[in-house]
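J.: I have a structure here, written as structure tokens, and I will follow up with some questions on it.
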Amino acid sequence: MNQWRNFNKGFLRENPVFVLVLGMCPALATTTTAINGMGMGLATTFVLFMSNLVISIFAGFIPDKVRIPAFIVIIASFVTIVDLVMGAYFNTPGPQGEPSLYDQLGIFIPLIVVNCIVLGRAEAFASKNKIVSSVIDGLGIGLGFTFALVLLGATREILGNGSIFGLSFIQGDGILVFVLAPGAFIALGYLTALIIRLKKS
Amino acid sequence: MAKKESTFLNMIVTLLIVTFVASSALGYIYELTKAPRAEAMRIKQTFAIKKVLPEFDNDPLADQYVLPANDGSGELSVYPALAGGDSIGAAVKTFSNNGYGGIIELMVGFNKSGEIIDIAVVNQKETPGLGTKMADDSYIKQYRGLNPGETDISVKQDGGEIDAITAATISSRAFSEAVQKGYNTYLKGETK
Amino acid sequence: MEYILIIISAVFVNNIVLAQFLGICPFLGVSGKVSTALGMSGAVMFVMTLATIATYLIQVYILVPFDITFLQTITYILVIASLVQMVEIILKKISPALYQSLGVFLPLITTNCAILGVALLVMQKEFNLVQGVIYAIGNSIGFALALIVFAGIREQLDLMHIPKGMKGVPVSLVVAGILALAFMGFAGIVK
């Protein structure tokens, strides 16, 4: 397997958010700013990486009929680890009292366990491939997911808040709707159309 | 790798092993991160207190006490601050249920004579871009230095001194109500 | 009275799909036709309510007393997965037709973030069991509402001319955004 192609398919060709239409819930909910999108994406990438690793090592020892519950327990464990670690080290308020990254991502951290991307890759790839390929697949898809989230987060932050990665560049407010629910849908809709266009050319 | 047969025994044993290993690993990480997580919670709680009070040398969290709100709407937590053994005031965690989106929680720093030192918004669900402006310095600074016992801190529409946020009168009103409640409760409690 | 407020808030003001972003995958995937939307909503309502009850009991009587709340994610998702298996078996027996039409979306209810999300939110909002059940029922009604309205719109969209670049997912998302905007109008009706 060409590992370079295996790795970069997650960015454009098989981007989970724009092409596979998976992981939409966190994509819409956690992208109020670019940093939040990045935090969510990286947390998910960690889970993808670890669960793909463990599952590709042990898949042979797991009887077929119980593989889904077994995968779920493995994935849920890594999600819990992310939850515990972020609650410990990414949980300080900002200088003006803004909520910590942990609070901003909220229940979407435990919800990584139902992110269809993770179980999907475990089932479709990691359980059937060698360790190296599975790990690179996890990393590539995870970083592609992160890329999509940062892109959407940056778009919403620039349009809705007049800032990027927390640095403001306009006075006053932006187009508020983009920070709110409807704007998330609309921004993602147009971005998806754009990316699919880019993919075709 | 040959897949294991799905006999009943195999399935149960595998699931038990997986769950056992998972739970043990998680228990271990839980213990490992227990202290940092508790520390992070403590920092978050003291953050609002530190913001609204001048330098203190006690532990307001440890010295906190609870007072019933003067209007019977619940309980307020008071975090007294001391410097060199003398009371320099307290942070009062107050609230109003009459925000546009529900409850508003504020941490108000009062000095000994009841003047407002500063206010921090702890929790609110107001409309982003409108009611959420209550956390902005430009709104809060109107309250600093005012003594609710001497000045009417309700919004101008109600006869007070405060300029409400444009198009967010309900949020502003609730904010003032919470601050007033904090003053009434804390100072009434002080003069025992 | 308070229960009515919980329901109104869950269905309109804080709609699970259009405001809280939970349940998007089935929302985009199953809303092609009103009939499948109805079937999916029924299944979700059943699983969501049962899952809320089961996870609540486990949290209150097992996880908290034994100080093992860090096992919350694992136990919750296993409960939900088992419930979905159960629903599959029951459905196959009593309504094979519905079972067929839901197809692969039935096991996907396990990964429906709305179910796990609601179970977690009940804990976060510190509801008791009765409030939690009402909240779950309210949210499943909200889910059904969003899904069915959206299915109705999409059935109409299929008959219209959409620019090629926006066909499919992009235009669905923009329409969902407009629907979310409409639902924002409900804000403020619950104090």
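Residues are referred to by chain and number: the chain letter is A, B, ... according to the order shown in the structure tokens, the number counts from 1 in that chain, and ligands are numbered separately from 1 in the order shown.
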Find the residues in chain B near chain A: any atom within 10 Å counts, using only C-alpha atoms. Write them as a ChimeraX atom specification.
T.: /B:1-8,10-19,21-23,25-27,29-45,47-48,51,120-122,127-129,135-137
J.: Could those residues be written to a file, using C-alpha atoms, as a PDB file, in the first residue's frame?
T.:
ATOM      1  CA  MET B   1      -4.325 -13.675  11.408  1.00  0.00           C
ATOM      2  CA  ALA B   2      -7.041 -16.298  11.635  1.00  0.00           C
ATOM      3  CA  LYS B   3     -10.191 -14.875  13.176  1.00  0.00           C
ATOM      4  CA  LYS B   4     -11.229 -16.480  16.416  1.00  0.00           C
ATOM      5  CA  GLU B   5     -14.336 -18.643  16.348  1.00  0.00           C
ATOM      6  CA  SER B   6     -17.462 -17.040  17.749  1.00  0.00           C
ATOM      7  CA  THR B   7     -18.211 -19.690  20.321  1.00  0.00           C
ATOM      8  CA  PHE B   8     -20.180 -18.561  23.333  1.00  0.00           C
ATOM      9  CA  ASN B  10     -14.850 -17.141  23.353  1.00  0.00           C
ATOM     10  CA  MET B  11     -17.237 -14.223  23.095  1.00  0.00           C
ATOM     11  CA  ILE B  12     -17.773 -13.914  26.831  1.00  0.00           C
ATOM     12  CA  VAL B  13     -14.094 -14.319  27.661  1.00  0.00           C
ATOM     13  CA  THR B  14     -13.027 -11.767  25.057  1.00  0.00           C
ATOM     14  CA  LEU B  15     -15.563  -9.200  26.207  1.00  0.00           C
ATOM     15  CA  LEU B  16     -14.602  -9.735  29.825  1.00  0.00           C
ATOM     16  CA  ILE B  17     -10.905  -9.324  29.065  1.00  0.00           C
ATOM     17  CA  VAL B  18     -11.462  -6.212  26.945  1.00  0.00           C
ATOM     18  CA  THR B  19     -13.703  -4.588  29.551  1.00  0.00           C
ATOM     19  CA  VAL B  21      -8.275  -4.105  30.666  1.00  0.00           C
ATOM     20  CA  ALA B  22     -10.191  -0.978  29.640  1.00  0.00           C
ATOM     21  CA  SER B  23     -11.561  -0.323  33.125  1.00  0.00           C
ATOM     22  CA  ALA B  25      -6.412   1.439  32.334  1.00  0.00           C
ATOM     23  CA  LEU B  26      -9.072   4.090  32.826  1.00  0.00           C
ATOM     24  CA  GLY B  27      -8.989   3.737  36.597  1.00  0.00           C
ATOM     25  CA  ILE B  29      -5.475   7.410  34.295  1.00  0.00           C
ATOM     26  CA  TYR B  30      -8.343   8.675  36.461  1.00  0.00           C
ATOM     27  CA  GLU B  31      -6.158   8.514  39.561  1.00  0.00           C
ATOM     28  CA  LEU B  32      -3.258  10.071  37.687  1.00  0.00           C
ATOM     29  CA  THR B  33      -5.280  13.055  36.529  1.00  0.00           C
ATOM     30  CA  LYS B  34      -7.336  13.481  39.697  1.00  0.00           C
ATOM     31  CA  ALA B  35      -5.103  16.138  41.225  1.00  0.00           C
ATOM     32  CA  PRO B  36      -4.639  18.285  38.086  1.00  0.00           C
ATOM     33  CA  ARG B  37      -8.370  18.138  37.398  1.00  0.00           C
ATOM     34  CA  ALA B  38      -9.247  19.261  40.909  1.00  0.00           C
ATOM     35  CA  GLU B  39      -6.665  22.036  40.613  1.00  0.00           C
ATOM     36  CA  ALA B  40      -8.178  23.208  37.320  1.00  0.00           C
ATOM     37  CA  MET B  41     -11.639  23.385  38.932  1.00  0.00           C
ATOM     38  CA  ARG B  42     -10.220  25.380  41.810  1.00  0.00           C
ATOM     39  CA  ILE B  43      -8.533  27.836  39.432  1.00  0.00           C
ATOM     40  CA  LYS B  44     -11.791  28.327  37.539  1.00  0.00           C
ATOM     41  CA  GLN B  45     -13.693  29.038  40.724  1.00  0.00           C
ATOM     42  CA  PHE B  47     -10.729  33.181  38.758  1.00  0.00           C
ATOM     43  CA  ALA B  48     -13.964  35.150  39.091  1.00  0.00           C
ATOM     44  CA  LYS B  51     -11.050  39.360  39.160  1.00  0.00           C
ATOM     45  CA  ALA B 120     -17.549  39.165  36.602  1.00  0.00           C
ATOM     46  CA  VAL B 121     -20.143  37.241  34.628  1.00  0.00           C
ATOM     47  CA  VAL B 122     -19.981  33.616  35.741  1.00  0.00           C
ATOM     48  CA  THR B 127     -28.484  36.345  23.043  1.00  0.00           C
ATOM     49  CA  PRO B 128     -25.000  36.402  21.562  1.00  0.00           C
ATOM     50  CA  GLY B 129     -24.095  39.906  20.423  1.00  0.00           C
ATOM     51  CA  ALA B 135     -19.794  40.832  30.102  1.00  0.00           C
ATOM     52  CA  ASP B 136     -18.104  43.684  28.250  1.00  0.00           C
ATOM     53  CA  ASP B 137     -15.998  46.162  30.158  1.00  0.00           C
TER      54      ASP B 137
END
J.: Identify, on the basis of only C-alpha atoms, every residue whose closest approach to A:Thr30 does not exceed 10 Å; exclude the query and any residue fewer than 6 positions from it along the same chain; express the result as a list in words.
T.: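 Within the cut-off, the hits are Asn36, Gly37, Met38, Gly39, Met40, Gly41, Gln104, Leu105, Gly106, Phe108, Ile109, Leu149, Val150, Leu152, Gly153 and Ala184 of chain A; Phe21 of chain C.
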J.: Output C-alpha atoms of each residue in that selection to a file, as a compact mmCIF listing (two decimals), in the first residue's frame.
T.:
# COMPACT_ATOMS: atom_id res chain seq x y z
CA ASN A 36 -12.10 25.18 18.98
CA GLY A 37 -12.27 23.34 15.67
CA MET A 38 -8.60 22.49 15.95
CA GLY A 39 -8.97 21.25 19.53
CA MET A 40 -11.87 19.03 18.59
CA GLY A 41 -10.12 17.73 15.50
CA GLN A 104 -16.03 25.14 24.95
CA LEU A 105 -15.99 21.60 23.53
CA GLY A 106 -18.33 20.46 26.31
CA PHE A 108 -18.76 16.86 22.30
CA ILE A 109 -15.68 15.33 23.91
CA LEU A 149 -12.92 21.70 11.23
CA VAL A 150 -10.23 24.40 11.24
CA LEU A 152 -15.02 25.77 8.91
CA GLY A 153 -14.06 27.27 12.26
CA ALA A 184 -22.83 26.81 10.86
CA PHE C 21 -26.32 19.97 16.56
J.: For chain C versus chain B, which residues have an atom no more than 12 Å away, and what is each residue's nearest atom pair and distance in Å rounded to one decimal, using only C-alpha atoms, chain-then-number order, as a Markdown table?
T.:
| residue | atom | partner | partner_atom | distance |
| --- | --- | --- | --- | --- |
| C:Ser9 | CA | B:Gly101 | CA | 11.1 |
| C:Val13 | CA | B:Gly101 | CA | 10.1 |
| C:Asn14 | CA | B:Gly101 | CA | 10.9 |
| C:Asp67 | CA | B:Gly27 | CA | 10.4 |
| C:Ile68 | CA | B:Gly27 | CA | 8.0 |
| C:Thr69 | CA | B:Tyr30 | CA | 9.7 |
| C:Phe70 | CA | B:Tyr30 | CA | 7.0 |
| C:Leu71 | CA | B:Ser23 | CA | 7.2 |
| C:Gln72 | CA | B:Ser23 | CA | 10.8 |
| C:Thr73 | CA | B:Leu26 | CA | 11.1 |
| C:Ile74 | CA | B:Ser23 | CA | 9.0 |
| C:Thr75 | CA | B:Thr19 | CA | 10.2 |
| C:Leu78 | CA | B:Thr19 | CA | 10.9 |
| C:Met184 | CA | B:Thr127 | CA | 10.5 |
| C:Gly185 | CA | B:Thr127 | CA | 11.9 |
| C:Phe186 | CA | B:Gly101 | CA | 11.4 |
| C:Ala187 | CA | B:Gly101 | CA | 7.7 |
| C:Gly188 | CA | B:Tyr100 | CA | 6.4 |
| C:Ile189 | CA | B:Gly101 | CA | 9.4 |
| C:Val190 | CA | B:Gly101 | CA | 8.0 |
| C:Lys191 | CA | B:Gly102 | CA | 5.9 |
J.: Give me a file of those residues, with C-alpha atoms, as a compact mmCIF listing (two decimals), in the first residue's frame.
T.:
# COMPACT_ATOMS: atom_id res chain seq x y z
CA SER C 9 -37.95 24.12 25.20
CA VAL C 13 -36.41 26.66 21.54
CA ASN C 14 -33.42 24.36 21.86
CA ASP C 67 -17.02 6.50 42.52
CA ILE C 68 -16.46 5.11 39.04
CA THR C 69 -17.99 7.96 37.08
CA PHE C 70 -15.07 7.79 34.68
CA LEU C 71 -16.71 4.67 33.27
CA GLN C 72 -19.71 6.78 32.25
CA THR C 73 -18.88 6.96 28.54
CA ILE C 74 -18.26 3.22 28.24
CA THR C 75 -21.35 2.10 30.15
CA LEU C 78 -22.83 -0.10 25.72
CA MET C 184 -34.42 30.80 16.37
CA GLY C 185 -37.63 32.79 16.29
CA PHE C 186 -38.88 30.61 19.12
CA ALA C 187 -36.24 31.94 21.50
CA GLY C 188 -37.71 33.83 24.39
CA ILE C 189 -41.04 32.02 24.59
CA VAL C 190 -39.77 30.05 27.55
CA LYS C 191 -38.61 32.03 30.56
J.: Pick out the residues sitting within 10 Å of B:Ile153, and hand them over as a list in words; count only C-alpha atoms, and ignore anything fewer than 2 positions along from it in its own chain.
T.: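 Counting only the stated atoms, we get Gln142, Tyr143, Leu146, Asn147, Pro148, Gly149, Glu150, Thr151, Val155, Lys156, Asp158, Gly159, Gly160, Glu161, Ile162, Asp163, Arg173, Phe175, Ser176, Glu177, Val179 and Gln180 of chain B.
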J.: Would you mind exporting N, CA and C atoms of the selected residues as a compact mmCIF listing (two decimals), in the first residue's frame?
T.:
# COMPACT_ATOMS: atom_id res chain seq x y z
N GLN B 142 -19.84 50.87 34.31
CA GLN B 142 -20.84 51.78 34.87
C GLN B 142 -21.10 51.50 36.34
N TYR B 143 -20.92 50.24 36.74
CA TYR B 143 -21.27 49.86 38.11
C TYR B 143 -20.13 50.09 39.09
N LEU B 146 -19.90 52.34 42.46
CA LEU B 146 -21.23 52.72 42.93
C LEU B 146 -21.56 51.93 44.19
N ASN B 147 -22.25 52.56 45.11
CA ASN B 147 -22.73 51.87 46.29
C ASN B 147 -24.24 51.71 46.15
N PRO B 148 -24.73 50.47 45.96
CA PRO B 148 -26.16 50.27 45.73
C PRO B 148 -27.02 50.75 46.89
N GLY B 149 -26.40 50.99 48.06
CA GLY B 149 -27.17 51.52 49.18
C GLY B 149 -27.42 53.01 49.02
N GLU B 150 -26.56 53.67 48.19
CA GLU B 150 -26.69 55.12 48.02
C GLU B 150 -27.18 55.50 46.64
N THR B 151 -26.80 54.70 45.61
CA THR B 151 -27.21 55.02 44.25
C THR B 151 -28.20 53.98 43.76
N VAL B 155 -31.75 50.13 35.77
CA VAL B 155 -31.54 50.76 34.47
C VAL B 155 -32.34 52.06 34.39
N LYS B 156 -31.91 52.94 33.49
CA LYS B 156 -32.51 54.28 33.40
C LYS B 156 -34.01 54.18 33.16
N ASP B 158 -35.96 52.31 34.44
CA ASP B 158 -36.66 52.09 35.70
C ASP B 158 -36.32 53.17 36.71
N GLY B 159 -35.71 54.24 36.25
CA GLY B 159 -35.42 55.36 37.15
C GLY B 159 -34.03 55.33 37.74
N GLY B 160 -33.20 54.37 37.33
CA GLY B 160 -31.88 54.28 37.93
C GLY B 160 -30.83 54.99 37.11
N GLU B 161 -29.56 54.68 37.42
CA GLU B 161 -28.43 55.40 36.81
C GLU B 161 -27.79 54.64 35.66
N ILE B 162 -28.19 53.39 35.45
CA ILE B 162 -27.45 52.55 34.51
C ILE B 162 -28.04 52.66 33.10
N ASP B 163 -27.15 52.84 32.13
CA ASP B 163 -27.56 52.81 30.72
C ASP B 163 -27.69 51.35 30.30
N ARG B 173 -31.62 44.62 32.82
CA ARG B 173 -32.44 44.68 34.03
C ARG B 173 -32.09 43.53 34.96
N PHE B 175 -29.36 41.87 35.11
CA PHE B 175 -28.01 42.10 35.63
C PHE B 175 -28.08 43.00 36.86
N SER B 176 -28.77 44.13 36.72
CA SER B 176 -28.89 45.05 37.87
C SER B 176 -29.60 44.39 39.03
N GLU B 177 -30.63 43.60 38.72
CA GLU B 177 -31.38 42.92 39.77
C GLU B 177 -30.47 41.99 40.55
N VAL B 179 -27.17 42.21 40.89
CA VAL B 179 -26.22 42.98 41.69
C VAL B 179 -26.90 43.51 42.96
N GLN B 180 -28.11 44.06 42.79
CA GLN B 180 -28.85 44.60 43.93
C GLN B 180 -29.12 43.50 44.95
J.: Write out, as CSV, each residue of chain C that has an atom at most 6 Å from chain A, together with the closest pair of atoms and their distance in Å to one decimal, counting only C-alpha atoms, rows going by chain and rising number.
T.:
residue,atom,partner,partner_atom,distance
C:Ala19,CA,A:Ala181,CA,5.7
C:Phe21,CA,A:Cys25,CA,5.4
C:Leu22,CA,A:Cys25,CA,5.7
C:Ile24,CA,A:Cys25,CA,5.5
C:Ile74,CA,A:Ala76,CA,5.3
C:Thr111,CA,A:Val114,CA,4.5
C:Cys113,CA,A:Val114,CA,5.9
C:Gly165,CA,A:Ala193,CA,5.6
C:Met166,CA,A:Ala193,CA,5.5
C:Pro170,CA,A:Gly189,CA,4.0
C:Leu173,CA,A:Gly189,CA,4.8
C:Val174,CA,A:Ile186,CA,4.4
C:Gly177,CA,A:Pro182,CA,4.1
C:Ala180,CA,A:Pro182,CA,5.0
C:Leu181,CA,A:Pro182,CA,5.3
J.: Which of stretch 4-182 of chain A counts as strand (DSSP E) under DSSP, as JSON, numbers by chain please?
T.: {"A": [163, 164, 167, 168]}
J.: Would you list the contacts of B:Asp86 as a ChimeraX atom specification, taking every protein, DNA or RNA residue within 12 Å and counting only C-alpha atoms, but skipping same-chain residues closer than 3 positions in sequence?
T.: /B:56-58,80-83,89-90,111-112
J.: In Å, rounded to a single decimal, give me how far atom CA of A:Ile35 is from atom CA of A:Asn52.
T.: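 Between atom CA of A:Asn52 and atom CA of A:Ile35 the gap works out to 25.3 Å.
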J.: So which bits of stretch 23-154 of chain A end up helix (DSSP H, G or I) when you DSSP the backbone, as number ranges by chain?
T.: A: 24-29, 34-61, 64-89, 101-108, 110-114, 116-126, 131-154
J.: With C-alpha atoms retained, could you export that selection as a compact mmCIF listing (two decimals), in the first residue's frame?
T.:
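Now in part-v3.txt:
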# COMPACT_ATOMS: atom_id res chain seq x y z
CA MET A 24 -21.15 16.33 11.02
CA CYS A 25 -22.34 16.88 14.58
CA PRO A 26 -18.98 17.99 16.00
CA ALA A 27 -18.17 19.73 12.71
CA LEU A 28 -21.12 22.05 13.15
CA ALA A 29 -21.11 22.35 16.91
CA ALA A 34 -10.71 28.06 14.49
CA ILE A 35 -9.03 27.09 17.77
CA ASN A 36 -12.10 25.18 18.98
CA GLY A 37 -12.27 23.34 15.67
CA MET A 38 -8.60 22.49 15.95
CA GLY A 39 -8.97 21.25 19.53
CA MET A 40 -11.87 19.03 18.59
CA GLY A 41 -10.12 17.73 15.50
CA LEU A 42 -6.91 16.88 17.33
CA ALA A 43 -8.77 15.16 20.17
CA THR A 44 -10.60 13.05 17.59
CA THR A 45 -7.35 12.34 15.75
CA PHE A 46 -5.81 11.02 18.96
CA VAL A 47 -8.75 8.65 19.46
CA LEU A 48 -8.63 7.56 15.81
CA PHE A 49 -4.89 6.92 16.00
CA MET A 50 -5.02 4.93 19.25
CA SER A 51 -8.15 2.93 18.48
CA ASN A 52 -6.93 2.06 14.97
CA LEU A 53 -3.62 0.96 16.51
CA VAL A 54 -5.13 -1.23 19.23
CA ILE A 55 -7.83 -2.68 16.98
CA SER A 56 -5.49 -3.59 14.17
CA ILE A 57 -3.22 -5.37 16.69
CA PHE A 58 -5.94 -7.32 18.44
CA ALA A 59 -8.60 -7.78 15.75
CA GLY A 60 -7.53 -11.37 15.23
CA PHE A 61 -8.25 -12.25 18.83
CA ASP A 64 -16.52 -11.84 14.85
CA LYS A 65 -19.89 -11.66 16.58
CA VAL A 66 -18.67 -9.48 19.43
CA ARG A 67 -16.39 -7.25 17.41
CA ILE A 68 -18.67 -4.21 17.45
CA PRO A 69 -19.15 -4.13 21.24
CA ALA A 70 -15.45 -4.83 21.71
CA PHE A 71 -14.46 -2.01 19.33
CA ILE A 72 -16.89 0.29 21.12
CA VAL A 73 -15.32 -0.42 24.51
CA ILE A 74 -11.84 0.20 23.10
CA ILE A 75 -12.89 3.45 21.42
CA ALA A 76 -14.84 4.59 24.48
CA SER A 77 -11.76 4.02 26.64
CA PHE A 78 -9.58 6.31 24.55
CA VAL A 79 -12.37 8.89 24.47
CA THR A 80 -12.53 8.77 28.26
CA ILE A 81 -8.76 9.22 28.43
CA VAL A 82 -9.05 12.33 26.25
CA ASP A 83 -11.87 13.59 28.49
CA LEU A 84 -9.86 13.04 31.69
CA VAL A 85 -6.65 14.54 30.31
CA MET A 86 -8.34 17.59 28.80
CA GLY A 87 -10.26 18.18 32.02
CA ALA A 88 -6.90 18.26 33.77
CA TYR A 89 -4.63 20.18 31.39
CA LEU A 101 -11.13 24.78 25.67
CA TYR A 102 -12.51 21.87 27.71
CA ASP A 103 -15.67 23.87 28.51
CA GLN A 104 -16.03 25.14 24.95
CA LEU A 105 -15.99 21.60 23.53
CA GLY A 106 -18.33 20.46 26.31
CA ILE A 107 -20.28 17.27 25.75
CA PHE A 108 -18.76 16.86 22.30
CA PRO A 110 -17.52 12.24 25.17
CA LEU A 111 -19.52 12.34 21.95
CA ILE A 112 -16.36 11.44 20.03
CA VAL A 113 -17.32 7.87 20.86
CA VAL A 114 -20.32 8.10 18.54
CA CYS A 116 -19.19 7.65 12.94
CA ILE A 117 -15.70 8.27 11.61
CA VAL A 118 -14.01 6.43 14.47
CA LEU A 119 -16.14 3.29 14.49
CA GLY A 120 -16.27 3.45 10.71
CA ARG A 121 -12.48 3.37 10.29
CA ALA A 122 -12.14 0.68 12.93
CA GLU A 123 -14.64 -1.54 11.21
CA ALA A 124 -13.75 -0.81 7.60
CA PHE A 125 -10.00 -0.50 7.81
CA ALA A 126 -8.21 -1.18 11.07
CA ILE A 131 -0.73 -2.07 11.97
CA VAL A 132 1.29 0.48 10.00
CA SER A 133 -1.42 1.05 7.39
CA SER A 134 -4.13 1.31 10.02
CA VAL A 135 -2.21 3.81 12.09
CA ILE A 136 -1.44 5.98 9.06
CA ASP A 137 -5.07 5.73 7.96
CA GLY A 138 -6.19 6.90 11.41
CA LEU A 139 -3.71 9.75 11.39
CA GLY A 140 -4.58 10.86 7.85
CA ILE A 141 -8.34 10.76 8.30
CA GLY A 142 -8.05 12.42 11.70
CA LEU A 143 -5.89 15.24 10.38
CA GLY A 144 -8.17 15.61 7.37
CA PHE A 145 -11.06 15.93 9.82
CA THR A 146 -9.06 18.52 11.75
CA PHE A 147 -8.34 20.38 8.52
CA ALA A 148 -12.08 20.50 7.73
CA LEU A 149 -12.92 21.70 11.23
CA VAL A 150 -10.23 24.40 11.24
CA LEU A 151 -11.40 25.57 7.80
CA LEU A 152 -15.02 25.77 8.91
CA GLY A 153 -14.06 27.27 12.26
CA ALA A 154 -11.86 29.90 10.63
J.: Take atom CA of B:Ala168 and atom CA of B:Thr132 and report the distance between them in Å, one decimal.
T.: 9.0 Å
J.: Tell me, in Å to one decimal, how far atom CA of C:Ile4 is from atom CA of C:Ile137.
T.: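 Distance reported for this atom pair: 11.4 Å.
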